[in-house]
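Before any comments, here is the structure.
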Amino acid sequence: MLNNKNILLCVTGGIAVYKAVALVSKLSQAGANVKVVMTDSAKEFVQPLSFQVMSRNDVYFDTFDEKDSRVIAHIDLADWADLVVVAPATANVIGKLANGIADDMVTTILLATEADVWIAPAMNVHMYAHPAVVRNIAQLHEDGYRFIEPSEGFLACGYVGKGRLEEPERITALIGQHFSKTAEQPLKGKKVVITAGPTRERIDPVRYVSNFSSGKMGYAMAAAAQQLGADAVLISGPVDLPVPSGVQVIYVESAAQMYDAVLNEYDDASIVVKSAAVADYRPKLIYDQKMKKKAGDDVLELERTTDILKSLGDRKQQQLLIGFAAETTDVITYGKKKLESKNLDYIIVNDVTDPGGGFGSDTNVVTLLSREGEATPFNAMAKDQLAICLFETIIQQESDKLHDR
Ligand code: PMT
């Protein structure tokens with residue numbers, strides 16, 4: 001999959017630099033041409049010679065060291081790359097990139113390249129959670145950069161938590177998947193509608209009924225659809241997430257608004273993915289003014305919202321209809337029931353009490369159930385990676401039928 005792909009690995013200074021040497025080895029074994037650029041801090045951890053030996057290429061670190069007088073090194077490397085990977089990425093390089101600072105070989109290349117750039121952070125758990133780092137990462141997401149989330153575990157600084165550089169084998173596998181799918185663009189020309197986030201059902205001007213959905217799973221599905229070539233339309237409840245680049249977004253608040261928006265986009269859609277956690281009930285009465293508290297208890301009368309997915313199932317034509325099921329017990333049994341009763345093609349079931357997934361988490365653990373009775377389980381993985389794997393599996397299972405949709 002990586003045969004003759006040009007991967008430019010930017011190595012910045014943290015203890016995880018030693019893992020970057022293994023990453024070069026894995027990428028080279030997979031057939032990629034790898035060139036390495038290092039910051040001065042990275043060189044404090046591992047000598048450039050290690051990378052030179054593993055990549056069989058010169059290692060670059062000095063913007064003013066022009067090894068070949070016919071070209072300008074940082075521009076030449078930026079143009080050479082099919083993919084740029086920053087691993088490990090420190091808080092420092094993330095901050096510089098988010099703010100357009102280019103003061104060394106790595107950062108000048110990052111601004112000069114037109115290739116996709118993937119960032120694999122590695123740092124102390126508290127640094128990763130620092131508001132400035134969180135803000136910079138959000139900015140880079142918005143600018144279209146893709147992140148390989150750090151994993152959780154024992155960190156070199158002695159803390160246990162999120163901040164470990166993802167394993168070289170996993171990064172290599174993700175890069176391989178990227179080239180296989182983005183090159184094929186199997187959803188090119190297909191309109192894919194994805195819903196995400198919670199709905200809010202108003203009680204009065206200051207209160208509402210809702211749930212814990214963050215929108216992360218649905219936004220990841222939208223980003224994955226777009227990466228696979230689709231015209232992705234994201235219908236989003238109220239969440240606090242950047243819109244994936246290239247994705248069209250329609251914001252809604254209530255289940256009724258989501259129903260209208262989805263129906264509006266339905267007729268010419270090839271695939272619909274309902275990741276949203278739609279409220280099943282809404283207050284029967286919406287008060288125009290803030291409800292005054294009374295002495296003693298009160299009762300809020302609720303009525304059912306329309307089941308959007310069931311309505312889509314009832315009027316299904318060419319659309320491939322994919323639902324999610326959020327369950328807390330007997331997930332497969334309940335998932336199968338929803339698959340049938342809503343006339344779906346696939347349902348993705350998750351146990352929302354699982355510590356590796358569910359509401360708000362960056363990862364999820366799911367099983368994909370098909371109408372034909374196939375069950376495909378997926379281990380805990382980052383929601384953006386999972387979204388790609390889910391689409392890939394569905395595309396594979398649909399294979400020759402997809403072009404008729
Ligand atoms: O957003 P995150 O924090 O990342 O969390 C992800 C998630 C847990 C919300 C997601 O993985 C998930 O499970 N989404 C579906 C949540 C849900 O509403 O499940 P359900 O089992 O109640 O509904 C089944 C299906 O019917 C869903 O596709 C839902 O969108 C749809 N539905 C439900 C009720 C309704 N009135 N209309 C609907 O369309």
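By order of appearance in the structure tokens: chains A, B, ..., then residues from 1 within every chain, and ligands from 1 in the order shown.
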| said: If you run DSSP on the backbone here, which positions in region 137-311 of chain A get strand (DSSP E or B)? Please write them as number ranges by chain. | reply: A: 146-147, 151-154, 160-164, 191-196, 198, 201-204, 207-209, 231-236, 248-251, 271-274, 277, 281-283, 302-304
Next, dump the selected residues to file, keeping only C-alpha atoms, as a PDB file, in the first residue's frame.
```pdb
ATOM      1  CA  ARG A 146      -5.493  15.378  10.810  1.00  0.00           C
ATOM      2  CA  PHE A 147      -4.440  14.121  14.229  1.00  0.00           C
ATOM      3  CA  SER A 151      -2.858   6.783  23.535  1.00  0.00           C
ATOM      4  CA  GLU A 152      -3.277   6.447  27.287  1.00  0.00           C
ATOM      5  CA  GLY A 153      -0.805   4.721  29.561  1.00  0.00           C
ATOM      6  CA  PHE A 154       2.385   5.132  31.527  1.00  0.00           C
ATOM      7  CA  VAL A 160      -0.299   7.790  33.800  1.00  0.00           C
ATOM      8  CA  GLY A 161      -2.730   9.254  31.268  1.00  0.00           C
ATOM      9  CA  LYS A 162      -3.181  10.424  27.716  1.00  0.00           C
ATOM     10  CA  GLY A 163      -0.017  11.553  25.956  1.00  0.00           C
ATOM     11  CA  ARG A 164       1.851   8.512  24.621  1.00  0.00           C
ATOM     12  CA  LYS A 191     -24.170  12.419  -1.333  1.00  0.00           C
ATOM     13  CA  VAL A 192     -23.797  11.188   2.243  1.00  0.00           C
ATOM     14  CA  VAL A 193     -25.991  12.750   4.923  1.00  0.00           C
ATOM     15  CA  ILE A 194     -24.813  12.373   8.523  1.00  0.00           C
ATOM     16  CA  THR A 195     -26.578  13.500  11.683  1.00  0.00           C
ATOM     17  CA  ALA A 196     -24.618  14.239  14.843  1.00  0.00           C
ATOM     18  CA  PRO A 198     -27.868  15.695  20.728  1.00  0.00           C
ATOM     19  CA  GLU A 201     -36.157  20.029  23.560  1.00  0.00           C
ATOM     20  CA  ARG A 202     -37.149  23.313  25.145  1.00  0.00           C
ATOM     21  CA  ILE A 203     -39.160  23.544  28.333  1.00  0.00           C
ATOM     22  CA  ASP A 204     -39.083  27.331  28.579  1.00  0.00           C
ATOM     23  CA  ARG A 207     -34.374  25.094  30.253  1.00  0.00           C
ATOM     24  CA  TYR A 208     -34.352  22.070  27.979  1.00  0.00           C
ATOM     25  CA  VAL A 209     -34.363  18.259  27.904  1.00  0.00           C
ATOM     26  CA  ASP A 231     -20.297  15.159  -0.795  1.00  0.00           C
ATOM     27  CA  ALA A 232     -20.850  15.076   2.957  1.00  0.00           C
ATOM     28  CA  VAL A 233     -23.776  16.948   4.494  1.00  0.00           C
ATOM     29  CA  LEU A 234     -23.671  17.103   8.281  1.00  0.00           C
ATOM     30  CA  ILE A 235     -26.878  17.869  10.157  1.00  0.00           C
ATOM     31  CA  SER A 236     -25.714  18.823  13.603  1.00  0.00           C
ATOM     32  CA  GLN A 248     -21.359  21.150   4.491  1.00  0.00           C
ATOM     33  CA  VAL A 249     -23.079  21.715   7.828  1.00  0.00           C
ATOM     34  CA  ILE A 250     -26.701  22.466   8.739  1.00  0.00           C
ATOM     35  CA  TYR A 251     -27.283  23.327  12.390  1.00  0.00           C
ATOM     36  CA  ILE A 271     -26.182   7.066   2.149  1.00  0.00           C
ATOM     37  CA  VAL A 272     -27.698   8.359   5.386  1.00  0.00           C
ATOM     38  CA  VAL A 273     -25.934   7.823   8.714  1.00  0.00           C
ATOM     39  CA  LYS A 274     -27.965   8.670  11.829  1.00  0.00           C
ATOM     40  CA  ALA A 277     -28.786  11.058  19.783  1.00  0.00           C
ATOM     41  CA  TYR A 281     -39.498  12.762  24.238  1.00  0.00           C
ATOM     42  CA  ARG A 282     -40.104  16.490  24.372  1.00  0.00           C
ATOM     43  CA  PRO A 283     -42.121  18.614  26.810  1.00  0.00           C
ATOM     44  CA  LEU A 302     -43.614  14.665  27.892  1.00  0.00           C
ATOM     45  CA  GLU A 303     -44.759  13.544  24.455  1.00  0.00           C
ATOM     46  CA  ARG A 304     -42.963  11.416  21.864  1.00  0.00           C
TER      47      ARG A 304
END
```
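Taking only C-alpha atoms and all ligand atoms into account, the protein and nucleic acid residues that come at most 6 Å from ligand 1 are A:Gly197, A:Ser213, A:Ser214, A:Gly215, A:Lys216, A:Met217, A:Lys274, A:Ser275, A:Ala276, A:Ala277, A:Val278, A:Ala279, A:Asp280, A:Thr305, A:Thr306, A:Asp307, A:Ile308, A:Leu309, A:Gly323, A:Phe324, A:Ala325, A:Ala326, A:Asn350, A:Val352, A:Gly358, A:Phe359, A:Gly360.
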For the selection you just gave me, I'd like the residues written to a file as a JSON list (two decimals), in the first residue's frame, keeping C-alpha atoms.
```json
[["chain", "number", "residue", "atom", "x", "y", "z"],
["A", 197, "GLY", "CA", -24.90, 15.45, 18.40],
["A", 213, "SER", "CA", -23.93, 13.37, 23.09],
["A", 214, "SER", "CA", -20.89, 15.50, 22.19],
["A", 215, "GLY", "CA", -21.22, 15.00, 18.43],
["A", 216, "LYS", "CA", -17.71, 13.47, 18.18],
["A", 217, "MET", "CA", -18.90, 10.21, 16.61],
["A", 274, "LYS", "CA", -27.96, 8.67, 11.83],
["A", 275, "SER", "CA", -25.36, 9.09, 14.55],
["A", 276, "ALA", "CA", -27.33, 11.77, 16.38],
["A", 277, "ALA", "CA", -28.79, 11.06, 19.78],
["A", 278, "VAL", "CA", -32.27, 12.35, 19.05],
["A", 279, "ALA", "CA", -34.50, 12.98, 22.07],
["A", 280, "ASP", "CA", -37.32, 10.43, 22.18],
["A", 305, "THR", "CA", -40.90, 13.05, 19.15],
["A", 306, "THR", "CA", -41.10, 11.66, 15.63],
["A", 307, "ASP", "CA", -38.73, 8.75, 15.07],
["A", 308, "ILE", "CA", -36.73, 10.29, 12.21],
["A", 309, "LEU", "CA", -34.90, 7.11, 11.31],
["A", 323, "GLY", "CA", -28.44, 3.81, 12.17],
["A", 324, "PHE", "CA", -26.67, 3.82, 15.50],
["A", 325, "ALA", "CA", -28.03, 2.19, 18.64],
["A", 326, "ALA", "CA", -27.02, 3.48, 22.04],
["A", 350, "ASN", "CA", -22.50, 0.71, 21.13],
["A", 352, "VAL", "CA", -22.68, 3.55, 26.13],
["A", 358, "GLY", "CA", -19.95, 6.10, 24.31],
["A", 359, "PHE", "CA", -20.95, 9.70, 24.97],
["A", 360, "GLY", "CA", -18.24, 12.33, 24.99]]
```
List every residue of region 98-182 of chain A that has an atom at most 8 Å from any atom of region 61-81 of chain A, giving for each one its closest atom pair and the distance in Å to one decimal, counting only C-alpha atoms, sorted by chain and then by ascending residue number, as CSV.
```
residue,atom,partner,partner_atom,distance
A:Asp104,CA,A:Thr63,CA,6.2
A:Met105,CA,A:Thr63,CA,4.8
A:Val106,CA,A:Phe61,CA,7.4
A:Thr108,CA,A:His74,CA,6.8
A:Ile109,CA,A:Ala78,CA,5.4
A:Leu110,CA,A:Ala78,CA,7.4
A:Ala112,CA,A:Ala78,CA,5.9
A:Thr113,CA,A:Ala78,CA,4.3
A:Glu114,CA,A:Asp79,CA,7.1
A:Ala115,CA,A:Ala81,CA,6.4
```
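When only C-alpha atoms are used to measure the gap to Ala102 (chain A), the shortest distance among A:Leu27, A:Lys5, A:Thr39, A:Thr329 belongs to A:Thr39.
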| Just asking: which residues within region 7-200 of chain A are helix (DSSP H, G or I) according to DSSP, as number ranges by chain? | A: 17-29, 40-45, 48-55, 73-80, 91-98, 105-112, 125-129, 131-142, 168-184
| Could you name the residues that touch Glu142 (chain A) at 12 Å or less, counting only C-alpha atoms, but leaving out those on the same chain fewer than 2 positions away, as a PyMOL selection string? | chain A and resi 98+135-140+144-147+223+241-247
With N, CA and C atoms kept, could you save the residues just selected as a compact mmCIF listing (two decimals), in the first residue's frame?
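Listed below is the output, again23.txt:
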```txt
# COMPACT_ATOMS: atom_id res chain seq x y z
N ALA A 98 -0.17 26.24 14.62
CA ALA A 98 -1.49 26.86 14.78
C ALA A 98 -1.43 28.37 14.60
N ARG A 135 -6.67 24.56 22.56
CA ARG A 135 -7.08 25.60 21.61
C ARG A 135 -6.30 25.47 20.29
N ASN A 136 -4.98 25.22 20.39
CA ASN A 136 -4.16 25.10 19.18
C ASN A 136 -4.56 23.88 18.36
N ILE A 137 -4.86 22.79 19.06
CA ILE A 137 -5.27 21.57 18.35
C ILE A 137 -6.60 21.81 17.64
N ALA A 138 -7.53 22.48 18.34
CA ALA A 138 -8.84 22.78 17.72
C ALA A 138 -8.64 23.65 16.48
N GLN A 139 -7.72 24.61 16.56
CA GLN A 139 -7.45 25.48 15.41
C GLN A 139 -6.92 24.67 14.23
N LEU A 140 -6.02 23.74 14.54
CA LEU A 140 -5.44 22.94 13.46
C LEU A 140 -6.47 21.99 12.86
N GLY A 144 -7.83 21.88 8.83
CA GLY A 144 -7.80 20.70 7.97
C GLY A 144 -6.68 19.72 8.29
N TYR A 145 -5.97 19.92 9.40
CA TYR A 145 -4.92 18.96 9.76
C TYR A 145 -5.57 17.74 10.41
N ARG A 146 -4.95 16.58 10.20
CA ARG A 146 -5.49 15.38 10.81
C ARG A 146 -4.59 14.95 11.97
N PHE A 147 -5.21 14.52 13.05
CA PHE A 147 -4.44 14.12 14.23
C PHE A 147 -4.48 12.61 14.43
N ALA A 223 -16.41 13.49 8.58
CA ALA A 223 -15.03 13.69 8.08
C ALA A 223 -14.60 12.49 7.25
N LEU A 241 -17.89 21.67 18.40
CA LEU A 241 -16.84 21.01 17.62
C LEU A 241 -16.62 21.78 16.33
N PRO A 242 -15.36 21.79 15.82
CA PRO A 242 -15.12 22.42 14.52
C PRO A 242 -15.68 21.54 13.40
N VAL A 243 -16.19 22.17 12.36
CA VAL A 243 -16.74 21.42 11.22
C VAL A 243 -15.57 20.85 10.41
N PRO A 244 -15.57 19.55 10.12
CA PRO A 244 -14.48 18.99 9.32
C PRO A 244 -14.39 19.69 7.96
N SER A 245 -13.15 19.91 7.49
CA SER A 245 -13.01 20.68 6.26
C SER A 245 -13.65 19.95 5.08
N GLY A 246 -14.30 20.73 4.23
CA GLY A 246 -14.94 20.17 3.05
C GLY A 246 -16.33 19.62 3.31
N VAL A 247 -16.80 19.70 4.54
CA VAL A 247 -18.13 19.16 4.89
C VAL A 247 -19.13 20.31 4.99
```
